[in-house]
2 protein chains.
Amino acid sequence: MRCEVVAIGTELLLGQIVDSNSSWIGEQLALAGIDSLYQVKVGDNAQRMKSAITQALERSDAVICCGGLGPTQDDITREVIADIMGVELVRDEAIVDTIRAMFESRGREMSDNNKRQADIPVGAAMIKEMPGTAPGLLCPVGEKVIYAVPGVPYEMKEMMLGTILPDLQRRRGAAAVIRSRVLRTWGLSESGLAETLDARLQELDQLGNPTLAFQASGIEGIKVRVTAKTDDEATAFAMLDAEEALVRSLIGDHVFGVDGQTMEAVVLNALGQRGLTLATHESLTGGVLASRMTAADPDMVIFRGAAISPVNGEHVGEEGAISLAASTCEAFGTPAGVAAIAAEADENTPPGTVYLGLVLEDQQVGATVALPGDQRRSRDYAVISLLDLVRKTLMRL
Amino acid sequence: MRCEVVAIGTELLLGQIVDSNSSWIGEQLALAGIDSLYQVKVGDNAQRMKSAITQALERSDAVICCGGLGPTQDDITREVIADIMGVELVRDEAIVDTIRAMFESRGREMSDNNKRQADIPVGAAMIKEMPGTAPGLLCPVGEKVIYAVPGVPYEMKEMMLGTILPDLQRRRGAAAVIRSRVLRTWGLSESGLAETLDARLQELDQLGNPTLAFQASGIEGIKVRVTAKTDDEATAFAMLDAEEALVRSLIGDHVFGVDGQTMEAVVLNALGQRGLTLATHESLTGGVLASRMTAADPDMVIFRGAAISPVNGEHVGEEGAISLAASTCEAFGTPAGVAAIAAEADENTPPGTVYLGLVLEDQQVGATVALPGDQRRSRDYAVISLLDLVRKTLMRL
């Protein structure tokens, strides 16, 4: 099963927007075991769009077109797909009403342009998820299929997860129901994970179902995807639950979350459940931790604040980090505080050494980690390591 | 003149890395007036790479291949280009020596694998910039050309700016020397800029040289690119200088920087020149300002720190923001401090209203700005607006 991605929009070629949609779609396809061998960006030009989509459809079983479904004259994905299908576009008045109702619910009036978004190629179906005003399309072309989704990331993602991935899995036809779950891990390398799970991976190779796949995702950790193929959904979920329990029994608290849960969301949730609040001192991390926490907790209900200042020579080692964490608890009146300090490299201390400190009520926890070279990655890894330290300490409470 | 980009690497298709290189290259090509009509991602597979590069070369005058120049067995861009050129790869011992010297200067030994990086297709030339251990390649194919650059962003950028863009401009052949300069602006809309520069734009349309082009770049502001075509470099730079002076006389201090200068680098530089230091209170911006400033000033020499905490009802309006800025100056012992507060929306205050406050020695400056909807963009725009307020106030000292 092969599926290509065609990202549509002159702004992508001009570098005004980075095409992160194709990357996300590529990741989802890979996790679902679907090959994506080419991904193409093309501008809002009918002839070139037709050429790119046609070629992708020749090489693959399915094509996901992302973008060009808006209401303006340069949004021509609908027209180009109808052309490829060799059919007319027909306005679906029920969709016009749906779009009008969406505008009205936001206190705005629908312009005539938006009616174009209800134009559907004959033989195509509207994708049932419609978080914005642009309907997505599912367009059969012989045995193959073209999907069209908007370029707005959250709209695209909802359609991918709700309709396109299940439809692709159905088309692959291995089983009536394919469901999967991503266990998100931190703290083990990919080879470490493979080693820990080795016996189970060999068993699963024999069984063939469910399957386990790994994907290294930088500071998002390593994702372990469990996929179950069965005849009905209840059996699929039971199989996922059983496999998740088994994997967790082997790799334990390295699993920090499931599916879309981020490390910061998990930590905020764990703090909230225990009625705790957190503050941080940042020197090495320079505000990166605070900016992630406040993005997830904008009203700063649980993450109460940060002090960002350079550290001086008094603060060295894990003790220094713990003492900064403690003074941060005091300053912000929180029961929990964290800090990370970059070590000065010397003959006993390799470059990239970072000391972590955590104060959590009456506990004081220090840790020393070796982080990658450049400043930006070092900051990101220090942030995720600190959050993981909070998470693991909370789990042991 | 058309130039396509082929980004090479299975990790790009799997979404493990977002392909921001193609976006950056696309932006540079657009600013240089070179069309880039397709951009393709392809995995580390000889047959598919050959197919993607060959097709790109058929459609365009030039192709930039990004990635696949490393030392490992799956780095096969060199082999594929030699195949397309119909020539052999020959090991260049002088390049082997250069690579070995680079390893030695870092106290490491070159492995035998790295010698593969010195394999050059017959008839190709090495790109003179070589910031890493992977030489870039300039490979003529008839009247056309394939460039190969590493996927490491800073290595790719140095080769693009130093060799590839000048070579493309030379191939376009409009003039012996084409030089350009980007004036980076903040605070005017694209239509506002066009209106302010209208008379000059009409004059330049008649003259034909130099040219002005705009590019909206989100929170990086709007870029105004001046391009001069002449017979020699000195005349080109004189023309750029004259046009820059003219544009600045029309749009004044909306120009915050030139070429690669970021707003934070400009502000840090302006503070440093005056012997000033800065601290900030962040509530709305939640650490985004601090993380940008500390990335540019990791030792926190000029940016001395941030306090991140929620604001309470006492702090309202521009006065509230100024008072937070003042208490931040006191806390960090700095002569300059800034803060931004999100207003509560009511019948007189539209959603997205943000109050900015700046204290700079004995000056207190407040401002009210209307920022875009979602939290993430609102935070980013508040940060850049605060920095621009510091910049403009410093200029008037």
# chains A, B, ... in the order shown; residues from 1 in each chain; ligands from 1

call {"tool": "interface_residues", "arguments": {"of": "chain A", "to": "chain B", "cutoff": "7 Å", "atoms": "only C-alpha atoms", "output": "PyMOL selection string"}}
result
chain A and resi 12-16+18+20+23-24+26-27+30+36-43+217+286-288+290-291+294+300+304-310

call {"tool": "select_by_dssp", "arguments": {"residues": "range 173-210 of chain A", "states": "strand (DSSP E)", "output": "VMD selection string"}}
result
chain A and resid 177 to 185

call {"tool": "write_last_selection", "arguments": {"atoms": "C-alpha atoms", "output": "short mmCIF file (atom, residue, chain, number, x, y, z; two decimals), in the first residue's frame"}}
result
data_model
loop_
_atom_site.label_atom_id
_atom_site.label_comp_id
_atom_site.auth_asym_id
_atom_site.auth_seq_id
_atom_site.Cartn_x
_atom_site.Cartn_y
_atom_site.Cartn_z
CA VAL A 177 -10.92 -3.34 11.74
CA ILE A 178 -7.43 -1.97 12.28
CA ARG A 179 -6.84 0.10 15.39
CA SER A 180 -3.63 1.37 16.89
CA ARG A 181 -2.29 3.12 19.93
CA VAL A 182 0.97 5.00 20.41
CA LEU A 183 2.84 4.56 23.69
CA ARG A 184 5.16 7.52 24.10
CA THR A 185 8.44 6.80 25.86
#

call {"tool": "atom_distance", "arguments": {"atom1": "CA of Arg116 in chain A", "atom2": "CA of Thr77 in chain A"}}
result
11.3 Å

call {"tool": "residues_around", "arguments": {"residues": "Gly317 in chain B", "least_positions_apart": "3", "cutoff": "12 Å", "atoms": "only C-alpha atoms", "output": "list in words"}}
result
Val311, Gly313, Glu314, Gly320, Ala321, Ile322, Ser323, Leu324, Ala339, Ala340, Ile341, Ala342, Ala343, Glu344, Ala345, Thr349, Thr353, Val354, Tyr355, Leu356, Gly357, Gly366, Ala367, Thr368 and Val369 of chain B

call {"tool": "write_last_selection", "arguments": {"atoms": "C-alpha atoms", "output": "compact mmCIF listing (two decimals), in the first residue's frame"}}
result
# COMPACT_ATOMS: atom_id res chain seq x y z
CA VAL B 311 -0.65 39.07 36.50
CA GLY B 313 -6.20 42.54 38.56
CA GLU B 314 -3.99 45.37 39.86
CA GLY B 320 0.13 48.21 34.60
CA ALA B 321 2.61 47.02 31.99
CA ILE B 322 4.98 49.91 32.80
CA SER B 323 4.78 49.18 36.52
CA LEU B 324 5.62 45.50 35.90
CA ALA B 339 6.36 43.69 30.02
CA ALA B 340 3.23 42.83 28.03
CA ILE B 341 -0.25 42.27 29.48
CA ALA B 342 -3.25 40.75 27.67
CA ALA B 343 -6.32 42.95 28.18
CA GLU B 344 -9.65 41.50 29.27
CA ALA B 345 -11.99 42.00 26.32
CA THR B 349 -11.62 46.55 24.35
CA THR B 353 -5.74 43.88 22.77
CA VAL B 354 -2.33 43.85 24.46
CA TYR B 355 -0.66 46.53 26.59
CA LEU B 356 3.09 46.99 26.31
CA GLY B 357 5.25 48.71 28.90
CA GLY B 366 3.44 52.51 27.05
CA ALA B 367 1.71 51.23 23.94
CA THR B 368 -1.51 49.41 23.07
CA VAL B 369 -1.52 46.96 20.17

call {"tool": "atom_distance", "arguments": {"atom1": "CA of Glu264 in chain A", "atom2": "CA of Met239 in chain A"}}
result
28.4 Å

call {"tool": "select_by_dssp", "arguments": {"residues": "range 95-257 of chain A", "states": "helix (DSSP H, G or I)", "output": "PDB file with C-alpha atoms, in the first residue's frame"}}
result
ATOM      1  CA  ILE A  95     -23.013  21.614   2.444  1.00  0.00           C
ATOM      2  CA  VAL A  96     -23.728  25.262   1.602  1.00  0.00           C
ATOM      3  CA  ASP A  97     -26.192  25.266   4.507  1.00  0.00           C
ATOM      4  CA  THR A  98     -23.628  23.653   6.814  1.00  0.00           C
ATOM      5  CA  ILE A  99     -21.014  26.274   5.934  1.00  0.00           C
ATOM      6  CA  ARG A 100     -23.565  29.082   6.376  1.00  0.00           C
ATOM      7  CA  ALA A 101     -24.525  27.726   9.799  1.00  0.00           C
ATOM      8  CA  MET A 102     -20.837  27.658  10.835  1.00  0.00           C
ATOM      9  CA  PHE A 103     -20.434  31.313   9.914  1.00  0.00           C
ATOM     10  CA  GLU A 104     -23.641  32.250  11.716  1.00  0.00           C
ATOM     11  CA  SER A 105     -22.554  30.429  14.878  1.00  0.00           C
ATOM     12  CA  ASP A 112     -20.783  34.148  -1.785  1.00  0.00           C
ATOM     13  CA  ASN A 113     -17.219  32.940  -2.328  1.00  0.00           C
ATOM     14  CA  ASN A 114     -17.642  30.355   0.386  1.00  0.00           C
ATOM     15  CA  LYS A 115     -20.311  28.584  -1.681  1.00  0.00           C
ATOM     16  CA  ARG A 116     -17.488  27.380  -3.929  1.00  0.00           C
ATOM     17  CA  GLN A 117     -16.318  25.246  -1.008  1.00  0.00           C
ATOM     18  CA  ALA A 118     -19.502  23.154  -1.402  1.00  0.00           C
ATOM     19  CA  PRO A 153      -3.187  21.818  10.375  1.00  0.00           C
ATOM     20  CA  TYR A 154      -5.913  21.045  12.920  1.00  0.00           C
ATOM     21  CA  GLU A 155      -8.534  20.591  10.205  1.00  0.00           C
ATOM     22  CA  MET A 156      -6.220  18.330   8.215  1.00  0.00           C
ATOM     23  CA  LYS A 157      -5.320  16.265  11.299  1.00  0.00           C
ATOM     24  CA  GLU A 158      -8.929  15.661  12.309  1.00  0.00           C
ATOM     25  CA  MET A 159      -9.763  14.403   8.805  1.00  0.00           C
ATOM     26  CA  MET A 160      -6.622  12.244   8.633  1.00  0.00           C
ATOM     27  CA  LEU A 161      -7.288  10.533  11.962  1.00  0.00           C
ATOM     28  CA  GLY A 162     -11.066  10.294  11.602  1.00  0.00           C
ATOM     29  CA  THR A 163     -11.461   9.260   7.973  1.00  0.00           C
ATOM     30  CA  ILE A 164      -8.328   8.939   5.846  1.00  0.00           C
ATOM     31  CA  LEU A 165      -6.162   6.592   7.912  1.00  0.00           C
ATOM     32  CA  PRO A 166      -9.097   4.223   8.633  1.00  0.00           C
ATOM     33  CA  ASP A 167     -10.084   4.351   4.930  1.00  0.00           C
ATOM     34  CA  LEU A 168      -6.518   3.543   3.848  1.00  0.00           C
ATOM     35  CA  GLN A 169      -6.410   0.648   6.293  1.00  0.00           C
ATOM     36  CA  ARG A 170      -9.775  -0.603   5.014  1.00  0.00           C
ATOM     37  CA  ARG A 171      -8.493  -0.397   1.438  1.00  0.00           C
ATOM     38  CA  ARG A 172      -5.412  -2.343   2.394  1.00  0.00           C
ATOM     39  CA  GLU A 190      15.746   2.890  20.313  1.00  0.00           C
ATOM     40  CA  SER A 191      18.202   0.017  20.636  1.00  0.00           C
ATOM     41  CA  GLY A 192      17.560  -0.132  24.398  1.00  0.00           C
ATOM     42  CA  LEU A 193      13.829  -0.388  23.755  1.00  0.00           C
ATOM     43  CA  ALA A 194      14.319  -3.067  21.115  1.00  0.00           C
ATOM     44  CA  GLU A 195      16.494  -5.038  23.501  1.00  0.00           C
ATOM     45  CA  THR A 196      14.062  -4.782  26.398  1.00  0.00           C
ATOM     46  CA  ASP A 198      13.171  -8.382  22.188  1.00  0.00           C
ATOM     47  CA  ALA A 199      11.458 -11.552  23.435  1.00  0.00           C
ATOM     48  CA  ARG A 200       8.006 -10.057  22.927  1.00  0.00           C
ATOM     49  CA  LEU A 201       8.935  -8.767  19.439  1.00  0.00           C
ATOM     50  CA  GLN A 202       9.970 -12.283  18.453  1.00  0.00           C
ATOM     51  CA  GLU A 203       6.686 -13.708  19.769  1.00  0.00           C
ATOM     52  CA  LEU A 204       4.746 -11.091  17.839  1.00  0.00           C
ATOM     53  CA  ASP A 205       6.698 -11.878  14.674  1.00  0.00           C
ATOM     54  CA  GLN A 206       5.328 -15.423  14.988  1.00  0.00           C
ATOM     55  CA  LEU A 207       1.798 -14.332  15.875  1.00  0.00           C
ATOM     56  CA  GLY A 218      13.664  13.667  18.808  1.00  0.00           C
ATOM     57  CA  ILE A 219      12.632  15.505  21.962  1.00  0.00           C
ATOM     58  CA  GLU A 220       9.177  13.958  21.632  1.00  0.00           C
ATOM     59  CA  GLU A 233     -13.654  -2.816  17.301  1.00  0.00           C
ATOM     60  CA  ALA A 234     -14.221  -4.269  20.770  1.00  0.00           C
ATOM     61  CA  THR A 235     -11.781  -7.098  20.103  1.00  0.00           C
ATOM     62  CA  ALA A 236      -9.269  -4.636  18.637  1.00  0.00           C
ATOM     63  CA  PHE A 237      -9.363  -2.442  21.733  1.00  0.00           C
ATOM     64  CA  ALA A 238      -9.138  -5.455  24.031  1.00  0.00           C
ATOM     65  CA  MET A 239      -6.047  -6.557  22.117  1.00  0.00           C
ATOM     66  CA  LEU A 240      -4.524  -3.048  22.363  1.00  0.00           C
ATOM     67  CA  ASP A 241      -5.252  -2.921  26.110  1.00  0.00           C
ATOM     68  CA  ALA A 242      -3.594  -6.299  26.661  1.00  0.00           C
ATOM     69  CA  GLU A 243      -0.533  -5.406  24.597  1.00  0.00           C
ATOM     70  CA  GLU A 244      -0.213  -1.998  26.259  1.00  0.00           C
ATOM     71  CA  ALA A 245      -0.273  -3.689  29.680  1.00  0.00           C
ATOM     72  CA  LEU A 246       2.376  -6.152  28.562  1.00  0.00           C
ATOM     73  CA  VAL A 247       4.651  -3.457  27.095  1.00  0.00           C
ATOM     74  CA  ARG A 248       4.249  -1.329  30.223  1.00  0.00           C
ATOM     75  CA  SER A 249       5.171  -4.322  32.400  1.00  0.00           C
ATOM     76  CA  LEU A 250       8.428  -4.581  30.420  1.00  0.00           C
ATOM     77  CA  ILE A 251       9.474  -0.946  30.003  1.00  0.00           C
ATOM     78  CA  GLY A 252       7.673   0.411  33.058  1.00  0.00           C
ATOM     79  CA  ASP A 253       7.568   4.115  33.691  1.00  0.00           C
ATOM     80  CA  HIS A 254       9.516   4.955  30.548  1.00  0.00           C
TER      81      HIS A 254
END

call {"tool": "atom_distance", "arguments": {"atom1": "CA of Thr133 in chain A", "atom2": "CA of Asp92 in chain A"}}
result
13.9 Å

call {"tool": "residues_around", "arguments": {"residues": "Val87 in chain B", "least_positions_apart": "5", "cutoff": "9 Å", "atoms": "only C-alpha atoms", "output": "VMD selection string"}}
result
chain B and resid 81 to 82 121 to 123

call {"tool": "write_last_selection", "arguments": {"atoms": "C-alpha atoms", "output": "mmCIF file, in the first residue's frame"}}
result
data_model
loop_
_atom_site.group_PDB
_atom_site.id
_atom_site.type_symbol
_atom_site.label_atom_id
_atom_site.label_comp_id
_atom_site.auth_asym_id
_atom_site.auth_seq_id
_atom_site.Cartn_x
_atom_site.Cartn_y
_atom_site.Cartn_z
ATOM 1 C CA ILE B 81 24.304 12.346 -9.855
ATOM 2 C CA ALA B 82 27.276 10.618 -11.525
ATOM 3 C CA PRO B 121 31.674 12.910 -10.555
ATOM 4 C CA VAL B 122 34.042 13.537 -13.483
ATOM 5 C CA GLY B 123 33.321 17.041 -14.788
#

call {"tool": "residues_around", "arguments": {"residues": "Cys66 in chain B", "least_positions_apart": "5", "cutoff": "6 Å", "atoms": "only C-alpha atoms", "output": "number ranges by chain"}}
result
B: 7-8, 148-151

call {"tool": "write_last_selection", "arguments": {"atoms": "N, CA and C atoms", "output": "compact mmCIF listing (two decimals), in the first residue's frame"}}
result
# COMPACT_ATOMS: atom_id res chain seq x y z
N ALA B 7 14.73 17.34 -2.00
CA ALA B 7 15.23 17.05 -0.65
C ALA B 7 15.31 15.55 -0.49
N ILE B 8 16.48 15.08 -0.07
CA ILE B 8 16.77 13.64 -0.06
C ILE B 8 16.91 13.12 1.36
N ALA B 148 24.64 19.88 -5.44
CA ALA B 148 24.37 18.98 -4.31
C ALA B 148 24.94 19.62 -3.05
N VAL B 149 24.07 19.76 -2.05
CA VAL B 149 24.50 20.36 -0.78
C VAL B 149 24.11 19.43 0.36
N PRO B 150 24.81 19.50 1.50
CA PRO B 150 24.46 18.65 2.64
C PRO B 150 23.12 19.09 3.24
N GLY B 151 22.48 18.18 3.98
CA GLY B 151 21.21 18.51 4.64
C GLY B 151 21.37 19.30 5.92

call {"tool": "residues_around", "arguments": {"residues": "range 266-272 of chain B", "least_positions_apart": "5", "cutoff": "12 Å", "atoms": "only C-alpha atoms", "output": "PyMOL selection string"}}
result
chain B and resi 184+255-261+277-279+292-298+300-304+334-337+360-361+384-397
